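Visitor: What follows is model32.pdb, made up of PDB, C-alpha atoms:
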```pdb
ATOM      1  CA  MET A 122     -26.261 -72.179 -51.855
ATOM      2  CA  GLU A 123     -28.576 -69.765 -50.518
ATOM      3  CA  LYS A 124     -27.655 -70.914 -47.060
ATOM      4  CA  ASP A 125     -23.994 -70.457 -47.821
ATOM      5  CA  LEU A 126     -24.701 -66.954 -49.030
ATOM      6  CA  GLU A 127     -26.622 -66.199 -45.920
ATOM      7  CA  VAL A 128     -23.800 -67.476 -43.677
ATOM      8  CA  ASN A 129     -21.302 -65.456 -45.651
ATOM      9  CA  ASN A 130     -23.512 -62.371 -45.323
ATOM     10  CA  VAL A 131     -23.854 -62.963 -41.615
ATOM     11  CA  GLU A 132     -20.118 -63.365 -41.225
ATOM     12  CA  GLU A 133     -19.490 -60.247 -43.271
ATOM     13  CA  THR A 134     -22.095 -58.330 -41.293
ATOM     14  CA  SER A 135     -20.627 -59.582 -38.038
ATOM     15  CA  SER A 136     -17.175 -58.577 -39.143
ATOM     16  CA  THR A 137     -18.452 -55.170 -40.219
ATOM     17  CA  ILE A 138     -20.198 -54.687 -36.898
ATOM     18  CA  ASN A 139     -17.037 -55.624 -35.026
ATOM     19  CA  ASN A 140     -15.052 -53.157 -37.144
ATOM     20  CA  GLU A 141     -17.620 -50.424 -36.538
ATOM     21  CA  THR A 142     -17.571 -51.101 -32.795
ATOM     22  CA  GLU A 143     -13.803 -50.929 -32.751
ATOM     23  CA  VAL A 144     -13.887 -47.686 -34.724
ATOM     24  CA  LYS A 145     -16.504 -46.224 -32.387
ATOM     25  CA  GLU A 146     -14.453 -47.188 -29.355
ATOM     26  CA  GLU A 147     -11.365 -45.692 -30.911
ATOM     27  CA  VAL A 148     -13.258 -42.472 -31.715
ATOM     28  CA  ASN A 149     -14.662 -42.363 -28.167
ATOM     29  CA  ASN A 150     -11.171 -42.827 -26.728
ATOM     30  CA  LYS A 151      -9.849 -40.029 -28.950
ATOM     31  CA  GLU A 152     -12.765 -37.776 -27.931
ATOM     32  CA  GLU A 153     -12.074 -38.503 -24.273
ATOM     33  CA  MET A 154      -8.409 -37.670 -24.791
ATOM     34  CA  LEU A 155      -9.357 -34.480 -26.621
ATOM     35  CA  SER A 156     -11.853 -33.647 -23.913
ATOM     36  CA  LYS A 157      -9.204 -34.119 -21.215
ATOM     37  CA  LYS A 158      -6.749 -31.991 -23.184
ATOM     38  CA  ASP A 159      -9.410 -29.332 -23.716
ATOM     39  CA  ALA A 160     -10.432 -29.514 -20.074
ATOM     40  CA  ASN A 161      -6.826 -29.180 -18.948
ATOM     41  CA  ALA A 162      -6.292 -26.239 -21.308
ATOM     42  CA  LEU A 163      -9.533 -24.615 -20.158
ATOM     43  CA  CYS A 164      -8.613 -25.207 -16.511
ATOM     44  CA  LYS A 165      -5.179 -23.650 -17.083
ATOM     45  CA  THR A 166      -6.759 -20.644 -18.823
ATOM     46  CA  LEU A 167      -9.282 -20.188 -16.008
ATOM     47  CA  LYS A 168      -6.540 -20.403 -13.369
ATOM     48  CA  GLU A 169      -4.503 -17.734 -15.186
ATOM     49  CA  GLU A 170      -7.566 -15.493 -15.513
ATOM     50  CA  ASN A 171      -8.394 -16.049 -11.827
ATOM     51  CA  ALA A 172      -4.832 -15.088 -10.854
ATOM     52  CA  LYS A 173      -5.044 -11.904 -12.970
ATOM     53  CA  LEU A 174      -8.394 -10.946 -11.427
ATOM     54  CA  THR A 175      -7.123 -11.700  -7.914
ATOM     55  CA  ASP A 176      -4.120  -9.413  -8.521
ATOM     56  CA  GLU A 177      -6.395  -6.709  -9.929
ATOM     57  CA  VAL A 178      -8.723  -6.937  -6.915
ATOM     58  CA  ALA A 179      -5.733  -6.747  -4.545
ATOM     59  CA  ASP A 180      -4.413  -3.708  -6.434
ATOM     60  CA  LEU A 181      -7.797  -1.957  -6.342
ATOM     61  CA  LYS A 182      -8.187  -2.738  -2.643
ATOM     62  CA  ASP A 183      -4.711  -1.317  -1.973
ATOM     63  CA  LYS A 184      -5.562   1.874  -3.907
ATOM     64  CA  TRP A 185      -8.849   2.190  -2.038
ATOM     65  CA  LEU A 186      -7.139   1.779   1.361
ATOM     66  CA  ARG A 187      -4.520   4.367   0.396
ATOM     67  CA  ASN A 188      -7.237   6.821  -0.639
ATOM     68  CA  VAL A 189      -9.117   6.261   2.615
ATOM     69  CA  ALA A 190      -5.927   6.857   4.619
ATOM     70  CA  GLU A 191      -5.046   9.934   2.561
ATOM     71  CA  PHE A 192      -8.520  11.406   3.090
ATOM     72  CA  ASP A 193      -8.323  10.703   6.820
ATOM     73  CA  ASN A 194      -4.946  12.485   6.960
ATOM     74  CA  TYR A 195      -6.424  15.388   4.980
ATOM     75  CA  LYS A 196      -9.268  15.733   7.494
ATOM     76  CA  LYS A 197      -6.830  15.707  10.421
ATOM     77  CA  ARG A 198      -4.514  18.231   8.735
ATOM     78  CA  ASN A 199      -7.439  20.471   7.898
ATOM     79  CA  ALA A 200      -8.770  20.311  11.461
ATOM     80  CA  MET A 201      -5.314  21.236  12.800
ATOM     81  CA  LEU A 202      -5.054  24.145  10.344
ATOM     82  CA  TRP A 203      -8.436  25.495  11.435
ATOM     83  CA  ARG A 204      -7.562  25.091  15.123
ATOM     84  CA  ASP A 205      -4.166  26.751  14.649
ATOM     85  CA  ALA A 206      -5.690  29.601  12.648
ATOM     86  CA  PHE A 207      -8.300  30.153  15.357
ATOM     87  CA  ILE A 208      -5.675  30.157  18.119
ATOM     88  CA  GLU A 209      -3.409  32.489  16.123
ATOM     89  CA  GLY A 210      -6.285  34.919  15.509
ATOM     90  CA  LYS A 211      -7.210  34.826  19.188
ATOM     91  CA  LYS A 212      -3.553  35.409  20.147
ATOM     92  CA  GLU A 213      -3.258  38.446  17.851
ATOM     93  CA  THR A 214      -6.460  39.945  19.270
ATOM     94  CA  ILE A 215      -5.298  39.419  22.862
ATOM     95  CA  PHE A 216      -1.916  40.967  22.039
ATOM     96  CA  LYS A 217      -3.632  44.079  20.657
ATOM     97  CA  ILE A 218      -5.827  44.620  23.731
ATOM     98  CA  LEU A 219      -2.974  44.201  26.244
ATOM     99  CA  THR A 220      -1.997  47.863  25.825
ATOM    100  CA  ILE A 221      -5.463  48.817  27.076
ATOM    101  CA  GLY A 222      -4.736  47.004  30.351
ATOM    102  CA  ASP A 223      -1.297  48.671  30.532
ATOM    103  CA  ASN A 224      -2.874  52.106  30.106
ATOM    104  CA  ILE A 225      -5.489  51.406  32.788
ATOM    105  CA  GLU A 226      -2.751  50.292  35.242
ATOM    106  CA  THR A 227      -0.726  53.417  34.450
ATOM    107  CA  ALA A 228      -3.768  55.662  34.962
ATOM    108  CA  ILE A 229      -4.761  54.339  38.415
ATOM    109  CA  PRO A 230      -1.953  55.972  40.462
ATOM    110  CA  MET A 231      -2.565  59.294  38.683
ATOM    111  CA  ILE A 232      -6.247  59.532  39.657
ATOM    112  CA  SER A 233      -6.786  61.748  42.705
ATOM    113  CA  ASP A 234     -10.550  61.334  43.108
ATOM    114  CA  GLU A 235     -11.302  58.146  45.149
ATOM    115  CA  GLY A 236     -14.630  57.456  43.369
ATOM    116  CA  SER A 237     -13.012  57.634  39.955
ATOM    117  CA  LYS A 238     -10.054  55.594  41.175
ATOM    118  CA  LYS A 239     -12.388  52.817  42.415
ATOM    119  CA  GLY A 240     -14.232  52.825  39.076
ATOM    120  CA  VAL A 241     -10.992  52.476  37.104
ATOM    121  CA  GLU A 242      -9.769  49.712  39.467
ATOM    122  CA  LEU A 243     -13.050  47.859  38.832
ATOM    123  CA  LEU A 244     -12.463  48.323  35.111
ATOM    124  CA  LEU A 245      -8.943  46.835  35.487
ATOM    125  CA  LYS A 246     -10.344  43.928  37.524
ATOM    126  CA  GLN A 247     -12.905  43.237  34.787
ATOM    127  CA  PHE A 248     -10.166  43.435  32.128
ATOM    128  CA  ASN A 249      -8.044  40.904  34.051
ATOM    129  CA  SER A 250     -11.015  38.541  34.494
ATOM    130  CA  VAL A 251     -11.623  38.654  30.732
ATOM    131  CA  LEU A 252      -7.973  37.732  30.148
ATOM    132  CA  GLU A 253      -8.319  34.903  32.668
ATOM    133  CA  SER A 254     -11.456  33.605  30.926
ATOM    134  CA  LEU A 255      -9.463  33.545  27.680
ATOM    135  CA  GLU A 256      -6.830  31.427  29.492
ATOM    136  CA  VAL A 257      -4.207  34.165  29.360
ATOM    137  CA  GLU A 258      -1.579  33.914  32.111
ATOM    138  CA  THR A 259       0.034  37.031  33.543
ATOM    139  CA  ILE A 260       3.812  37.052  33.975
ATOM    140  CA  ASP A 261       5.098  39.295  36.790
ATOM    141  CA  PRO A 262       8.549  38.025  37.818
ATOM    142  CA  THR A 263       9.172  40.652  40.534
ATOM    143  CA  GLY A 264      11.310  39.131  43.300
ATOM    144  CA  GLN A 265      12.156  36.039  41.262
ATOM    145  CA  GLU A 266      15.435  35.062  39.626
ATOM    146  CA  PHE A 267      15.721  36.627  36.170
ATOM    147  CA  ASN A 268      14.632  34.189  33.440
ATOM    148  CA  PRO A 269      15.237  35.363  29.840
ATOM    149  CA  ASP A 270      12.598  32.881  28.648
ATOM    150  CA  VAL A 271       9.799  34.975  30.202
ATOM    151  CA  ALA A 272      11.279  38.445  30.745
ATOM    152  CA  GLU A 273      13.270  41.068  28.947
ATOM    153  CA  ALA A 274      15.820  43.014  31.007
ATOM    154  CA  VAL A 275      15.537  46.672  30.052
ATOM    155  CA  MET A 276      17.621  48.009  32.906
ATOM    156  CA  GLN A 277      20.027  46.978  35.665
ATOM    157  CA  ALA A 278      19.407  48.224  39.198
ATOM    158  CA  GLU A 279      22.002  48.895  41.890
ATOM    159  CA  PRO A 280      21.757  46.371  44.720
ATOM    160  CA  MET A 281      20.390  47.574  48.035
ATOM    161  CA  GLU A 282      20.749  45.897  51.377
ATOM    162  CA  GLY A 283      19.228  42.393  51.200
ATOM    163  CA  ASP A 284      18.997  42.357  47.377
ATOM    164  CA  VAL A 285      20.364  39.305  45.574
ATOM    165  CA  SER A 286      22.236  39.720  42.316
ATOM    166  CA  GLY A 287      20.444  38.351  39.247
ATOM    167  CA  PHE A 288      16.945  38.747  40.682
ATOM    168  CA  VAL A 289      14.195  40.969  39.250
ATOM    169  CA  LYS A 290      13.914  44.249  41.166
ATOM    170  CA  GLN A 291      10.946  45.816  39.381
ATOM    171  CA  CYS A 292       8.502  44.908  36.604
ATOM    172  CA  PHE A 293       7.797  47.848  34.274
ATOM    173  CA  ARG A 294       5.410  46.015  31.992
ATOM    174  CA  LYS A 295       3.795  42.627  32.701
ATOM    175  CA  GLY A 296       4.266  39.771  30.321
ATOM    176  CA  TYR A 297       1.572  37.408  29.117
ATOM    177  CA  LYS A 298       1.383  33.783  28.086
ATOM    178  CA  PHE A 299      -1.364  32.245  25.957
ATOM    179  CA  ASN A 300      -1.775  28.583  25.003
ATOM    180  CA  GLY A 301       1.573  27.760  26.587
ATOM    181  CA  LYS A 302       3.447  30.371  24.508
ATOM    182  CA  ILE A 303       4.723  33.801  25.436
ATOM    183  CA  ILE A 304       2.785  36.483  23.574
ATOM    184  CA  ARG A 305       4.567  39.351  25.326
ATOM    185  CA  TYR A 306       7.702  39.287  27.467
ATOM    186  CA  ALA A 307       7.710  41.128  30.787
ATOM    187  CA  GLN A 308       9.982  44.193  30.863
ATOM    188  CA  VAL A 309      12.006  44.258  34.081
ATOM    189  CA  SER A 310      14.981  45.737  35.877
ATOM    190  CA  VAL A 311      17.503  43.226  37.188
ATOM    191  CA  ILE A 312      19.755  43.658  40.221
ATOM    192  CA  LYS A 313      23.435  43.856  39.262
TER
END
```
Before we go any further, please render this structure as C-alpha cells.

Guide:
Amino acid sequence: MEKDLEVNNVEETSSTINNETEVKEEVNNKEEMLSKKDANALCKTLKEENAKLTDEVADLKDKWLRNVAEFDNYKKRNAMLWRDAFIEGKKETIFKILTIGDNIETAIPMISDEGSKKGVELLLKQFNSVLESLEVETIDPTGQEFNPDVAEAVMQAEPMEGDVSGFVKQCFRKGYKFNGKIIRYAQVSVIK
C-alpha cells in the first residue's frame, strides 16, 4: 500500500510538474509576444520622435542659413552705403571748389604783370593737377559736335567760313565728370 501511495504521489507530482512546465512555457510565450509588441511600439515611438527631431534640426539649419545670408547681405549693403556716401561727399566738395578754378582762369587774361601772370598760371596748373589726382575729368567740347549729355548750349553762334552747323564754337565754362558721372555740364555756344 505504501508503494501504491508512493507511485500515485509520483504520478501526481509528475503530472503537476508537466502542468507547471506547460504553464511556464505558455507564460514565456506570452511574455515574448508582449515583449515583441512592446518593442514594436517602442520602435514606432522612437522612429516618430527621430522624424520630429530631424525636421526640427532641418528647420533650425534653414533658419541659421537664412540668418547668415541676411547678415552677409547687410554687410554688403552697408559697405555700399558707406562707399556711396564717401563718393557723394567727395563729389559735393569737388563741385564747390570748381568755381575757384573758374575764377583763376578768368583772372589770367586780366593780369598785365608777367611775373604775377606766371604765378597765377602755376596756381591754375596746381589746381588742375589736384583735380586730376581726384580722378576728375575736364569736359571742353570746343570744336566737337554738340552733345547735350555733356554740354549745355547757352548761345547760338553765327556760322563763319569753314564752320559746321551743330558743332561747338566756344566753351564759356568747362564741364567736369567724376566717377563716370557729370558733376557740372560745360556751357557752350553752338554754331547755327

Visitor: So which one's closest to A:Gly222, A:Ser286, A:Asn199, A:Ser254, A:Thr259? Using only C-alpha atoms, please.

Guide: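 The answer is A:Thr259, which sits nearest to A:Gly222.
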
Visitor: In Å, with one decimal, what is the gap from atom CA of A:Ala274 to atom CA of A:Ser310?

Guide: 5.6 Å

Visitor: Would you place a box with edges along x, y and z of the file around all atoms of stretch 197-207 of chain A listed there, add 6 Å to each of its six sides, and report the centre and edge lengths in Å to one decimal, as AutoDock Vina command-line options?

Guide:
```
--center_x -6.5 --center_y 22.9 --center_z 11.6 --size_x 16.6 --size_y 26.4 --size_z 19.5
```

Visitor: Considering all atoms listed in the file, can you say which of A:Asp193, A:Asp205, A:Glu226, A:Asp270 comes closest to A:Glu242?

Guide: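 Distance minimum relative to A:Glu242 lands on A:Glu226.
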
Visitor: Just say which residues the PyMOL selection byres ((chain A and resi 287-303) around 9) picks in this file, as a PyMOL selection string.

Guide: chain A and resi 208+212+215-216+219+223+255-268+270-272+274-275+277-278+280+284-286+304-313

Visitor: Between atom CA of A:Ile232 and atom CA of A:Ile218, what is the distance in Å, rounded to a tenth?

Guide: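 Atom-to-atom, atom CA of A:Ile232 to atom CA of A:Ile218, that is 21.8 Å.
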
Visitor: So the first atom is atom CA of A:Trp185 and the second is atom CA of A:Leu202; what is the distance between them in Å, to one decimal place?

Guide: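 Between atom CA of A:Trp185 and atom CA of A:Leu202 the gap works out to 25.5 Å.
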
Visitor: Would you mind listing what lies within 12 Å of A:Leu243 as a ChimeraX atom specification, with all atoms listed in the file counted and same-chain residues fewer than 4 positions away left out?

Guide: /A:222,225-226,229,236-239,247-250
